[in-house]
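Inspection log for the structure reproduced underneath, given as structure tokens.
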Amino acid sequence: MTTYALADTGTLTGRSLRHILRSPDTIVTTAITPIALMLLFVYVLGGAIDTGSGGSYVDYLLPGILLITIASGVAYTSYRLFLDLKGGIVERFRSMPIARSSVLWAHVLTSVVANLASVAVVVAVALVMGFRTGASVGAWLAVVGILALFTLALTWLAVIAGLSAKSVDGASAFSYPLVFLPFVSSAFVPTDSMPGPVAWFAEHQPVTSIVDTLRALFAGQPVGGGIWVALGWLVGVLVLGHVLAVATYRKRIG
């Protein structure tokens with residue numbers, strides 16, 4: 001049974017990836033807003049921001065921009081799943097001898113591939129802007145792993161939105177708070193520069209621990225205990241999102 005499910009998931013993932021390859025503008029569009037934010041903050045506002053890190057502002061900023069890239073990109077997963085439901089494709093798949101779970105997993109895996117491609121575009125632009133890193137190969141692998149886990153966690157939330165939405169706009173609107181969350185974290189400025197209540201929220205919300213971990217990995221510095229907090233948040237959101245997404249799928253499809 002597991003072998004069939006994997007084969008079905010691979011087939012449906014290939015279908016979704018072919019759609020992405022036929023319209024690569026999806027990847028470019030996902031990267032445009034984060035790149036515009038990076039240009040704005042580095043070249044317009046960066047000179048007035050003191051991070052206390054001693055390095056360039058683009059080095060400080062990039063981890064948060066990468067999370068915004070992914071938060072923006074997962075909206076397309078919700079959108080594509082919504083269209084499949086409305087277009088009757090999911091019902092057609094149900095009439096075929098394929099594993100039900102493969103329909104969701106195909107969208108999820110496509111999201112991981114597409115969003116990591118968008119992240120690569122943003123990193124390439126950051127390098128042109130002066131981003132430099134002392135990260136080892138192991139640190140880079142850790143960065144990719146954390147970003148992939150972040151994408152998985154948010155994508156399962158996107159699946160819930162896609163299954164529950166009543167309109168195309170509703171399918172993608174869920175991502176707006178996710179895109180906003182890095183602005184109230186250590187992504188753009190140190191949290192100790194914020195007013196008390198805001199600083200408390202910024203310190204204890206998940207984005208700060210993830211951003212700080214990525215920043216330390218890029219700088220080739222010890223990550224400390226923050227990485228366990230980051231992984232705890234990511235795994236927790238991933239598990240909860242997966243459970244709720246599967247329950248919503250069963251309720252919607254029957």
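Just remember, in the structure tokens the first chain shown is A, the second B, etc., residues are 1-based per chain, and ligands are 1-based in the order shown.
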- Message: I'd like to know which residues of range 198-242 of chain A are helix (DSSP H, G or I) (by DSSP, run on the backbone); could you write them as a ChimeraX atom specification?
- Response: /A:198-204,206-219,226-242
Grab the residues selected above and save them as an mmCIF file, in the first residue's frame with N, CA and C atoms.
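Result written to selection_34.cif:
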```cif
data_model
loop_
_atom_site.group_PDB
_atom_site.id
_atom_site.type_symbol
_atom_site.label_atom_id
_atom_site.label_comp_id
_atom_site.auth_asym_id
_atom_site.auth_seq_id
_atom_site.Cartn_x
_atom_site.Cartn_y
_atom_site.Cartn_z
ATOM 1 N N VAL A 198 5.600 45.135 22.428
ATOM 2 C CA VAL A 198 5.929 44.673 21.080
ATOM 3 C C VAL A 198 7.189 43.811 21.115
ATOM 4 N N ALA A 199 8.183 44.245 21.907
ATOM 5 C CA ALA A 199 9.427 43.487 22.030
ATOM 6 C C ALA A 199 9.161 42.103 22.625
ATOM 7 N N TRP A 200 8.260 42.041 23.611
ATOM 8 C CA TRP A 200 7.929 40.748 24.227
ATOM 9 C C TRP A 200 7.310 39.813 23.195
ATOM 10 N N PHE A 201 6.370 40.342 22.422
ATOM 11 C CA PHE A 201 5.733 39.517 21.389
ATOM 12 C C PHE A 201 6.759 39.075 20.353
ATOM 13 N N ALA A 202 7.603 40.007 19.923
ATOM 14 C CA ALA A 202 8.609 39.693 18.901
ATOM 15 C C ALA A 202 9.576 38.616 19.385
ATOM 16 N N GLU A 203 9.943 38.676 20.655
ATOM 17 C CA GLU A 203 10.888 37.703 21.210
ATOM 18 C C GLU A 203 10.285 36.306 21.302
ATOM 19 N N HIS A 204 8.971 36.230 21.500
ATOM 20 C CA HIS A 204 8.355 34.941 21.787
ATOM 21 C C HIS A 204 7.560 34.359 20.620
ATOM 22 N N PRO A 206 7.361 32.678 16.750
ATOM 23 C CA PRO A 206 8.278 31.706 16.118
ATOM 24 C C PRO A 206 9.272 32.285 15.123
ATOM 25 N N VAL A 207 8.918 33.357 14.418
ATOM 26 C CA VAL A 207 9.790 33.860 13.366
ATOM 27 C C VAL A 207 11.142 34.303 13.918
ATOM 28 N N THR A 208 11.154 34.917 15.093
ATOM 29 C CA THR A 208 12.409 35.421 15.656
ATOM 30 C C THR A 208 13.424 34.312 15.886
ATOM 31 N N SER A 209 13.000 33.207 16.470
ATOM 32 C CA SER A 209 13.944 32.106 16.714
ATOM 33 C C SER A 209 14.441 31.507 15.398
ATOM 34 N N ILE A 210 13.570 31.446 14.389
ATOM 35 C CA ILE A 210 13.977 30.900 13.090
ATOM 36 C C ILE A 210 14.963 31.837 12.406
ATOM 37 N N VAL A 211 14.640 33.139 12.401
ATOM 38 C CA VAL A 211 15.517 34.138 11.776
ATOM 39 C C VAL A 211 16.880 34.165 12.463
ATOM 40 N N ASP A 212 16.885 34.175 13.785
ATOM 41 C CA ASP A 212 18.151 34.220 14.522
ATOM 42 C C ASP A 212 19.013 32.987 14.235
ATOM 43 N N THR A 213 18.366 31.831 14.099
ATOM 44 C CA THR A 213 19.101 30.601 13.790
ATOM 45 C C THR A 213 19.706 30.663 12.392
ATOM 46 N N LEU A 214 18.913 31.104 11.423
ATOM 47 C CA LEU A 214 19.422 31.224 10.051
ATOM 48 C C LEU A 214 20.564 32.234 9.982
ATOM 49 N N ARG A 215 20.415 33.336 10.697
ATOM 50 C CA ARG A 215 21.450 34.385 10.687
ATOM 51 C C ARG A 215 22.761 33.848 11.252
ATOM 52 N N ALA A 216 22.676 33.076 12.336
ATOM 53 C CA ALA A 216 23.886 32.501 12.929
ATOM 54 C C ALA A 216 24.531 31.487 11.988
ATOM 55 N N LEU A 217 23.720 30.687 11.306
ATOM 56 C CA LEU A 217 24.258 29.708 10.357
ATOM 57 C C LEU A 217 24.961 30.407 9.195
ATOM 58 N N PHE A 218 24.353 31.460 8.671
ATOM 59 C CA PHE A 218 24.967 32.204 7.572
ATOM 60 C C PHE A 218 26.294 32.845 8.007
ATOM 61 N N ALA A 219 26.337 33.288 9.253
ATOM 62 C CA ALA A 219 27.541 33.956 9.753
ATOM 63 C C ALA A 219 28.609 32.979 10.208
ATOM 64 N N GLY A 226 18.744 28.386 20.507
ATOM 65 C CA GLY A 226 17.671 28.938 19.680
ATOM 66 C C GLY A 226 17.208 28.002 18.587
ATOM 67 N N ILE A 227 18.105 27.135 18.115
ATOM 68 C CA ILE A 227 17.721 26.233 17.040
ATOM 69 C C ILE A 227 16.669 25.225 17.497
ATOM 70 N N TRP A 228 16.721 24.853 18.778
ATOM 71 C CA TRP A 228 15.730 23.900 19.290
ATOM 72 C C TRP A 228 14.371 24.555 19.440
ATOM 73 N N VAL A 229 14.383 25.836 19.801
ATOM 74 C CA VAL A 229 13.115 26.580 19.857
ATOM 75 C C VAL A 229 12.523 26.687 18.450
ATOM 76 N N ALA A 230 13.375 27.011 17.473
ATOM 77 C CA ALA A 230 12.926 27.131 16.086
ATOM 78 C C ALA A 230 12.356 25.804 15.582
ATOM 79 N N LEU A 231 13.098 24.721 15.816
ATOM 80 C CA LEU A 231 12.635 23.412 15.363
ATOM 81 C C LEU A 231 11.357 22.984 16.086
ATOM 82 N N GLY A 232 11.252 23.339 17.358
ATOM 83 C CA GLY A 232 10.040 23.020 18.105
ATOM 84 C C GLY A 232 8.810 23.684 17.493
ATOM 85 N N TRP A 233 8.947 24.976 17.185
ATOM 86 C CA TRP A 233 7.856 25.700 16.525
ATOM 87 C C TRP A 233 7.509 25.063 15.183
ATOM 88 N N LEU A 234 8.528 24.795 14.373
ATOM 89 C CA LEU A 234 8.296 24.282 13.022
ATOM 90 C C LEU A 234 7.630 22.908 13.041
ATOM 91 N N VAL A 235 8.149 22.025 13.876
ATOM 92 C CA VAL A 235 7.574 20.679 13.955
ATOM 93 C C VAL A 235 6.155 20.743 14.513
ATOM 94 N N GLY A 236 5.936 21.603 15.517
ATOM 95 C CA GLY A 236 4.604 21.739 16.094
ATOM 96 C C GLY A 236 3.578 22.232 15.078
ATOM 97 N N VAL A 237 3.938 23.273 14.334
ATOM 98 C CA VAL A 237 3.026 23.799 13.309
ATOM 99 C C VAL A 237 2.816 22.773 12.202
ATOM 100 N N LEU A 238 3.891 22.074 11.833
ATOM 101 C CA LEU A 238 3.798 21.061 10.780
ATOM 102 C C LEU A 238 2.832 19.941 11.175
ATOM 103 N N VAL A 239 2.989 19.415 12.362
ATOM 104 C CA VAL A 239 2.136 18.311 12.808
ATOM 105 C C VAL A 239 0.687 18.767 12.931
ATOM 106 N N LEU A 240 0.471 19.916 13.569
ATOM 107 C CA LEU A 240 -0.889 20.423 13.736
ATOM 108 C C LEU A 240 -1.523 20.713 12.381
ATOM 109 N N GLY A 241 -0.771 21.364 11.489
ATOM 110 C CA GLY A 241 -1.298 21.687 10.173
ATOM 111 C C GLY A 241 -1.650 20.445 9.382
ATOM 112 N N HIS A 242 -0.783 19.425 9.455
ATOM 113 C CA HIS A 242 -1.041 18.175 8.734
ATOM 114 C C HIS A 242 -2.300 17.498 9.244
#
```
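Around Met129 in chain A, within 10 Å and counting only C-alpha atoms, the residues found are Met38, Leu39, Val42, Tyr43, Val58, Asp59, Val123, Ala124, Val125, Ala126, Leu127, Phe131 and Arg132 of chain A, once anything fewer than 2 positions away on its own chain is removed.
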Write a file of the just-selected residues containing N, CA and C atoms, as a PDB file, in the first residue's frame.
```pdb
ATOM      1  N   MET A  38      13.749  43.917  -0.052  1.00  0.00           N
ATOM      2  CA  MET A  38      15.181  43.890   0.234  1.00  0.00           C
ATOM      3  C   MET A  38      15.871  45.121  -0.341  1.00  0.00           C
ATOM      4  N   LEU A  39      15.509  45.496  -1.564  1.00  0.00           N
ATOM      5  CA  LEU A  39      16.076  46.693  -2.171  1.00  0.00           C
ATOM      6  C   LEU A  39      15.700  47.941  -1.380  1.00  0.00           C
ATOM      7  N   VAL A  42      17.529  47.878   2.190  1.00  0.00           N
ATOM      8  CA  VAL A  42      18.992  47.987   2.123  1.00  0.00           C
ATOM      9  C   VAL A  42      19.423  49.343   1.595  1.00  0.00           C
ATOM     10  N   TYR A  43      18.806  49.799   0.503  1.00  0.00           N
ATOM     11  CA  TYR A  43      19.295  51.003  -0.173  1.00  0.00           C
ATOM     12  C   TYR A  43      18.592  52.295   0.243  1.00  0.00           C
ATOM     13  N   VAL A  58      22.387  43.891   4.545  1.00  0.00           N
ATOM     14  CA  VAL A  58      21.810  42.824   3.730  1.00  0.00           C
ATOM     15  C   VAL A  58      22.067  41.459   4.360  1.00  0.00           C
ATOM     16  N   ASP A  59      23.213  41.305   5.043  1.00  0.00           N
ATOM     17  CA  ASP A  59      23.486  40.053   5.747  1.00  0.00           C
ATOM     18  C   ASP A  59      22.494  39.853   6.894  1.00  0.00           C
ATOM     19  N   VAL A 123      18.268  34.654  -3.009  1.00  0.00           N
ATOM     20  CA  VAL A 123      19.655  34.572  -2.541  1.00  0.00           C
ATOM     21  C   VAL A 123      20.609  35.072  -3.624  1.00  0.00           C
ATOM     22  N   ALA A 124      20.331  34.735  -4.876  1.00  0.00           N
ATOM     23  CA  ALA A 124      21.180  35.191  -5.984  1.00  0.00           C
ATOM     24  C   ALA A 124      21.186  36.719  -6.063  1.00  0.00           C
ATOM     25  N   VAL A 125      20.009  37.331  -5.907  1.00  0.00           N
ATOM     26  CA  VAL A 125      19.930  38.792  -5.923  1.00  0.00           C
ATOM     27  C   VAL A 125      20.674  39.377  -4.721  1.00  0.00           C
ATOM     28  N   ALA A 126      20.539  38.747  -3.554  1.00  0.00           N
ATOM     29  CA  ALA A 126      21.234  39.218  -2.354  1.00  0.00           C
ATOM     30  C   ALA A 126      22.748  39.187  -2.546  1.00  0.00           C
ATOM     31  N   LEU A 127      23.237  38.152  -3.215  1.00  0.00           N
ATOM     32  CA  LEU A 127      24.680  38.058  -3.487  1.00  0.00           C
ATOM     33  C   LEU A 127      25.135  39.225  -4.364  1.00  0.00           C
ATOM     34  N   PHE A 131      25.602  40.456  -0.271  1.00  0.00           N
ATOM     35  CA  PHE A 131      25.491  39.448   0.773  1.00  0.00           C
ATOM     36  C   PHE A 131      26.703  38.517   0.733  1.00  0.00           C
ATOM     37  N   ARG A 132      27.299  38.310   1.889  1.00  0.00           N
ATOM     38  CA  ARG A 132      28.435  37.402   2.011  1.00  0.00           C
ATOM     39  C   ARG A 132      28.228  36.508   3.229  1.00  0.00           C
TER      40      ARG A 132
END
```
- Long-range neighbours of Ala161 in chain A as a VMD selection string, 10 Å cut-off, only C-alpha atoms, 6 positions minimum in chain: chain A and resid 75 77 to 79 81 to 82 155 170 to 175 245 248
Save the residues we just selected, C-alpha atoms, as a PDB file, in the first residue's frame?
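Result written to part38.pdb:
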```pdb
ATOM      1  CA  ALA A  75      -0.439  31.092  -1.231  1.00  0.00           C
ATOM      2  CA  THR A  77      -0.519  26.096  -3.197  1.00  0.00           C
ATOM      3  CA  SER A  78      -3.814  27.148  -1.674  1.00  0.00           C
ATOM      4  CA  TYR A  79      -4.819  28.731  -4.976  1.00  0.00           C
ATOM      5  CA  LEU A  81      -5.705  23.283  -4.695  1.00  0.00           C
ATOM      6  CA  PHE A  82      -8.811  25.488  -4.723  1.00  0.00           C
ATOM      7  CA  THR A 155       2.099  24.614   3.105  1.00  0.00           C
ATOM      8  CA  GLY A 170     -10.180  33.652   0.100  1.00  0.00           C
ATOM      9  CA  ALA A 171      -7.830  30.824  -0.831  1.00  0.00           C
ATOM     10  CA  SER A 172      -4.790  33.117  -0.851  1.00  0.00           C
ATOM     11  CA  ALA A 173      -5.805  35.687   1.783  1.00  0.00           C
ATOM     12  CA  PHE A 174      -4.643  33.443   4.634  1.00  0.00           C
ATOM     13  CA  SER A 175      -1.017  34.200   3.743  1.00  0.00           C
ATOM     14  CA  ALA A 245      -5.514  19.468   6.749  1.00  0.00           C
ATOM     15  CA  THR A 248     -10.551  18.980   6.524  1.00  0.00           C
TER      16      THR A 248
END
```
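Contact shell of Val189 in chain A at 9 Å (only C-alpha atoms; same-chain neighbours under 2 positions omitted): A:Ile49, A:Asp50, A:Thr51, A:Tyr60, A:Leu61, A:Phe183, A:Ser185, A:Ser186, A:Ala187, A:Thr191, A:Asp192, A:Ser193, A:Met194.
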Dump of all heavy atoms for the selected residues, as an mmCIF file, in the first residue's frame:
```cif
data_model
loop_
_atom_site.group_PDB
_atom_site.id
_atom_site.type_symbol
_atom_site.label_atom_id
_atom_site.label_comp_id
_atom_site.auth_asym_id
_atom_site.auth_seq_id
_atom_site.Cartn_x
_atom_site.Cartn_y
_atom_site.Cartn_z
ATOM 1 N N ILE A 49 19.363 52.323 10.016
ATOM 2 C CA ILE A 49 19.069 51.232 10.952
ATOM 3 C C ILE A 49 20.366 50.690 11.531
ATOM 4 O O ILE A 49 21.277 50.302 10.806
ATOM 5 C CB ILE A 49 18.305 50.098 10.245
ATOM 6 C CG1 ILE A 49 16.956 50.609 9.733
ATOM 7 C CG2 ILE A 49 18.094 48.916 11.191
ATOM 8 C CD1 ILE A 49 16.174 49.579 8.935
ATOM 9 N N ASP A 50 20.438 50.688 12.854
ATOM 10 C CA ASP A 50 21.613 50.170 13.549
ATOM 11 C C ASP A 50 21.264 48.805 14.138
ATOM 12 O O ASP A 50 20.480 48.707 15.077
ATOM 13 C CB ASP A 50 22.042 51.127 14.658
ATOM 14 C CG ASP A 50 23.275 50.618 15.415
ATOM 15 O OD1 ASP A 50 23.947 49.699 14.898
ATOM 16 O OD2 ASP A 50 23.538 51.140 16.516
ATOM 17 N N THR A 51 21.818 47.758 13.565
ATOM 18 C CA THR A 51 21.521 46.414 14.055
ATOM 19 C C THR A 51 22.466 45.983 15.165
ATOM 20 O O THR A 51 22.195 45.000 15.862
ATOM 21 C CB THR A 51 21.621 45.397 12.901
ATOM 22 O OG1 THR A 51 22.975 45.354 12.418
ATOM 23 C CG2 THR A 51 20.689 45.782 11.763
ATOM 24 N N TYR A 60 22.187 40.940 7.574
ATOM 25 C CA TYR A 60 21.245 40.875 8.697
ATOM 26 C C TYR A 60 19.839 40.599 8.197
ATOM 27 O O TYR A 60 19.074 39.845 8.812
ATOM 28 C CB TYR A 60 21.280 42.199 9.465
ATOM 29 C CG TYR A 60 20.430 42.221 10.716
ATOM 30 C CD1 TYR A 60 20.955 41.854 11.941
ATOM 31 C CD2 TYR A 60 19.092 42.609 10.660
ATOM 32 C CE1 TYR A 60 20.177 41.865 13.093
ATOM 33 C CE2 TYR A 60 18.303 42.620 11.801
ATOM 34 C CZ TYR A 60 18.846 42.250 13.012
ATOM 35 O OH TYR A 60 18.064 42.257 14.142
ATOM 36 N N LEU A 61 19.484 41.197 7.064
ATOM 37 C CA LEU A 61 18.111 41.208 6.574
ATOM 38 C C LEU A 61 17.697 39.925 5.879
ATOM 39 O O LEU A 61 16.530 39.514 5.952
ATOM 40 C CB LEU A 61 17.963 42.380 5.597
ATOM 41 C CG LEU A 61 16.594 42.679 4.994
ATOM 42 C CD1 LEU A 61 15.644 43.193 6.067
ATOM 43 C CD2 LEU A 61 16.734 43.710 3.875
ATOM 44 N N PHE A 183 7.740 41.154 10.143
ATOM 45 C CA PHE A 183 7.951 42.571 10.431
ATOM 46 C C PHE A 183 7.928 42.842 11.936
ATOM 47 O O PHE A 183 8.454 43.857 12.402
ATOM 48 C CB PHE A 183 6.889 43.419 9.723
ATOM 49 C CG PHE A 183 7.076 43.489 8.238
ATOM 50 C CD1 PHE A 183 6.442 42.581 7.407
ATOM 51 C CD2 PHE A 183 7.909 44.441 7.662
ATOM 52 C CE1 PHE A 183 6.615 42.631 6.034
ATOM 53 C CE2 PHE A 183 8.093 44.495 6.293
ATOM 54 C CZ PHE A 183 7.444 43.591 5.471
ATOM 55 N N SER A 185 9.357 41.007 14.367
ATOM 56 C CA SER A 185 10.324 40.013 14.827
ATOM 57 C C SER A 185 11.705 40.639 14.734
ATOM 58 O O SER A 185 11.837 41.845 14.502
ATOM 59 C CB SER A 185 10.243 38.747 13.952
ATOM 60 O OG SER A 185 10.819 38.997 12.678
ATOM 61 N N SER A 186 12.726 39.824 14.863
ATOM 62 C CA SER A 186 14.088 40.332 14.747
ATOM 63 C C SER A 186 14.568 40.349 13.300
ATOM 64 O O SER A 186 15.756 40.522 13.034
ATOM 65 C CB SER A 186 15.038 39.460 15.573
ATOM 66 O OG SER A 186 15.056 38.132 15.067
ATOM 67 N N ALA A 187 13.650 40.174 12.337
ATOM 68 C CA ALA A 187 14.036 40.073 10.933
ATOM 69 C C ALA A 187 14.615 41.373 10.388
ATOM 70 O O ALA A 187 15.559 41.359 9.600
ATOM 71 C CB ALA A 187 12.835 39.647 10.086
ATOM 72 N N THR A 191 15.102 43.161 18.420
ATOM 73 C CA THR A 191 13.869 43.292 19.195
ATOM 74 C C THR A 191 14.018 44.246 20.375
ATOM 75 O O THR A 191 13.030 44.818 20.837
ATOM 76 C CB THR A 191 13.414 41.918 19.719
ATOM 77 O OG1 THR A 191 14.479 41.330 20.488
ATOM 78 C CG2 THR A 191 13.085 40.991 18.571
ATOM 79 N N ASP A 192 15.253 44.451 20.878
ATOM 80 C CA ASP A 192 15.413 45.345 22.032
ATOM 81 C C ASP A 192 15.233 46.819 21.651
ATOM 82 O O ASP A 192 15.229 47.686 22.530
ATOM 83 C CB ASP A 192 16.772 45.129 22.712
ATOM 84 C CG ASP A 192 17.950 45.318 21.765
ATOM 85 O OD1 ASP A 192 17.763 45.887 20.672
ATOM 86 O OD2 ASP A 192 19.061 44.877 22.109
ATOM 87 N N SER A 193 15.068 47.109 20.361
ATOM 88 C CA SER A 193 14.800 48.485 19.943
ATOM 89 C C SER A 193 13.310 48.782 19.906
ATOM 90 O O SER A 193 12.895 49.912 19.633
ATOM 91 C CB SER A 193 15.398 48.737 18.548
ATOM 92 O OG SER A 193 14.737 47.957 17.565
ATOM 93 N N MET A 194 12.478 47.777 20.199
ATOM 94 C CA MET A 194 11.027 47.923 20.132
ATOM 95 C C MET A 194 10.450 48.280 21.495
ATOM 96 O O MET A 194 11.067 48.016 22.528
ATOM 97 C CB MET A 194 10.390 46.611 19.634
ATOM 98 C CG MET A 194 10.905 46.132 18.291
ATOM 99 S SD MET A 194 10.221 44.505 17.864
ATOM 100 C CE MET A 194 11.094 44.169 16.324
#
```
- Query: A:Gly225, A:Gly220, A:Gly162, A:Gly88: which is nearest Ala142 in chain A, counting only C-alpha atoms?
  - Reply: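 Closest candidate: A:Gly220.
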- Message: Between CA of Val112 in chain A and CA of Lys251 in chain A, what distance in Å does the model show, to one decimal?
- Response: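 If I compute the distance from CA of Val112 in chain A to CA of Lys251 in chain A, I get 25.1 Å.
Rounded to one decimal, CA of Leu104 in chain A and CA of Val159 in chain A lie 7.5 Å from each other.
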- Query: Using only C-alpha atoms, which residue out of A:Val113, A:Leu141, A:Leu244, A:Pro190 lies closest to Ala158 in chain A?
  - Reply: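 Closest to Ala158 in chain A of all the choices is A:Leu244.
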- For Ile20 in chain A, which residue out of A:Tyr76, A:Phe188, A:Phe41, A:Tyr57 is the nearest one, using only C-alpha atoms? A:Tyr76
- Message: Which residue is closest to Thr9 in chain A? Choose from A:Leu21, A:Ser102, A:Leu66, A:Pro177 and count only C-alpha atoms.
- Response: A:Ser102
- Task: Just the residues within 9 Å of Leu116 in chain A, please, counting only C-alpha atoms, with nothing from its chain fewer than 6 positions along; format it as a ChimeraX atom specification.
- Result: /A:70,144,147-148,151
Compile the contact shell of Val28 in chain A as a PDB file with N, CA, C and O atoms, in the first residue's frame: residues with an atom at most 12 Å away, counting only C-alpha atoms, same-chain residues fewer than 6 positions apart removed.
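Everything below was put into around-v8.pdb:
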```
ATOM      1  N   ILE A  20       4.062  24.122 -13.178  1.00  0.00           N
ATOM      2  CA  ILE A  20       4.973  25.184 -12.755  1.00  0.00           C
ATOM      3  C   ILE A  20       5.968  25.513 -13.866  1.00  0.00           C
ATOM      4  O   ILE A  20       6.239  26.680 -14.165  1.00  0.00           O
ATOM      5  N   LEU A  21       6.503  24.467 -14.514  1.00  0.00           N
ATOM      6  CA  LEU A  21       7.490  24.673 -15.572  1.00  0.00           C
ATOM      7  C   LEU A  21       6.876  25.387 -16.770  1.00  0.00           C
ATOM      8  O   LEU A  21       7.563  26.114 -17.493  1.00  0.00           O
ATOM      9  N   PRO A  34       9.540  40.087  -2.185  1.00  0.00           N
ATOM     10  CA  PRO A  34      10.677  40.033  -1.253  1.00  0.00           C
ATOM     11  C   PRO A  34      11.903  40.776  -1.766  1.00  0.00           C
ATOM     12  O   PRO A  34      12.601  41.440  -0.996  1.00  0.00           O
ATOM     13  N   ILE A  35      12.177  40.669  -3.070  1.00  0.00           N
ATOM     14  CA  ILE A  35      13.326  41.384  -3.640  1.00  0.00           C
ATOM     15  C   ILE A  35      13.116  42.885  -3.548  1.00  0.00           C
ATOM     16  O   ILE A  35      14.039  43.638  -3.199  1.00  0.00           O
ATOM     17  N   THR A  69       9.544  35.321   1.511  1.00  0.00           N
ATOM     18  CA  THR A  69       9.441  34.690   0.193  1.00  0.00           C
ATOM     19  C   THR A  69       8.586  33.432   0.267  1.00  0.00           C
ATOM     20  O   THR A  69       7.679  33.216  -0.554  1.00  0.00           O
ATOM     21  N   SER A  72       4.887  34.121   1.112  1.00  0.00           N
ATOM     22  CA  SER A  72       4.168  34.588  -0.074  1.00  0.00           C
ATOM     23  C   SER A  72       3.899  33.437  -1.034  1.00  0.00           C
ATOM     24  O   SER A  72       2.816  33.334  -1.621  1.00  0.00           O
ATOM     25  N   GLY A  73       4.882  32.562  -1.188  1.00  0.00           N
ATOM     26  CA  GLY A  73       4.786  31.495  -2.172  1.00  0.00           C
ATOM     27  C   GLY A  73       3.762  30.426  -1.854  1.00  0.00           C
ATOM     28  O   GLY A  73       3.155  29.854  -2.762  1.00  0.00           O
ATOM     29  N   ALA A 114       8.926  24.518  -5.580  1.00  0.00           N
ATOM     30  CA  ALA A 114       8.734  25.851  -6.158  1.00  0.00           C
ATOM     31  C   ALA A 114       9.248  26.944  -5.229  1.00  0.00           C
ATOM     32  O   ALA A 114       9.888  27.904  -5.674  1.00  0.00           O
ATOM     33  N   ASN A 115       8.982  26.797  -3.941  1.00  0.00           N
ATOM     34  CA  ASN A 115       9.403  27.840  -2.998  1.00  0.00           C
ATOM     35  C   ASN A 115      10.912  27.850  -2.787  1.00  0.00           C
ATOM     36  O   ASN A 115      11.510  28.920  -2.629  1.00  0.00           O
ATOM     37  N   LEU A 116      11.541  26.694  -2.788  1.00  0.00           N
ATOM     38  CA  LEU A 116      13.003  26.666  -2.680  1.00  0.00           C
ATOM     39  C   LEU A 116      13.645  27.262  -3.929  1.00  0.00           C
ATOM     40  O   LEU A 116      14.709  27.893  -3.843  1.00  0.00           O
ATOM     41  N   ALA A 117      12.984  27.105  -5.082  1.00  0.00           N
ATOM     42  CA  ALA A 117      13.480  27.755  -6.298  1.00  0.00           C
ATOM     43  C   ALA A 117      13.383  29.274  -6.172  1.00  0.00           C
ATOM     44  O   ALA A 117      14.305  30.003  -6.554  1.00  0.00           O
ATOM     45  N   SER A 118      12.272  29.756  -5.614  1.00  0.00           N
ATOM     46  CA  SER A 118      12.115  31.203  -5.394  1.00  0.00           C
ATOM     47  C   SER A 118      13.156  31.717  -4.402  1.00  0.00           C
ATOM     48  O   SER A 118      13.718  32.805  -4.579  1.00  0.00           O
ATOM     49  N   VAL A 119      13.416  30.939  -3.365  1.00  0.00           N
ATOM     50  CA  VAL A 119      14.441  31.297  -2.380  1.00  0.00           C
ATOM     51  C   VAL A 119      15.803  31.412  -3.052  1.00  0.00           C
ATOM     52  O   VAL A 119      16.584  32.331  -2.757  1.00  0.00           O
ATOM     53  N   ALA A 120      16.105  30.493  -3.972  1.00  0.00           N
ATOM     54  CA  ALA A 120      17.386  30.542  -4.681  1.00  0.00           C
ATOM     55  C   ALA A 120      17.511  31.822  -5.498  1.00  0.00           C
ATOM     56  O   ALA A 120      18.591  32.431  -5.564  1.00  0.00           O
ATOM     57  N   VAL A 121      16.407  32.269  -6.108  1.00  0.00           N
ATOM     58  CA  VAL A 121      16.416  33.519  -6.872  1.00  0.00           C
ATOM     59  C   VAL A 121      16.715  34.701  -5.952  1.00  0.00           C
ATOM     60  O   VAL A 121      17.533  35.575  -6.273  1.00  0.00           O
ATOM     61  N   VAL A 122      16.079  34.728  -4.783  1.00  0.00           N
ATOM     62  CA  VAL A 122      16.284  35.821  -3.825  1.00  0.00           C
ATOM     63  C   VAL A 122      17.724  35.829  -3.315  1.00  0.00           C
ATOM     64  O   VAL A 122      18.350  36.891  -3.191  1.00  0.00           O
TER      65      VAL A 122
END
```
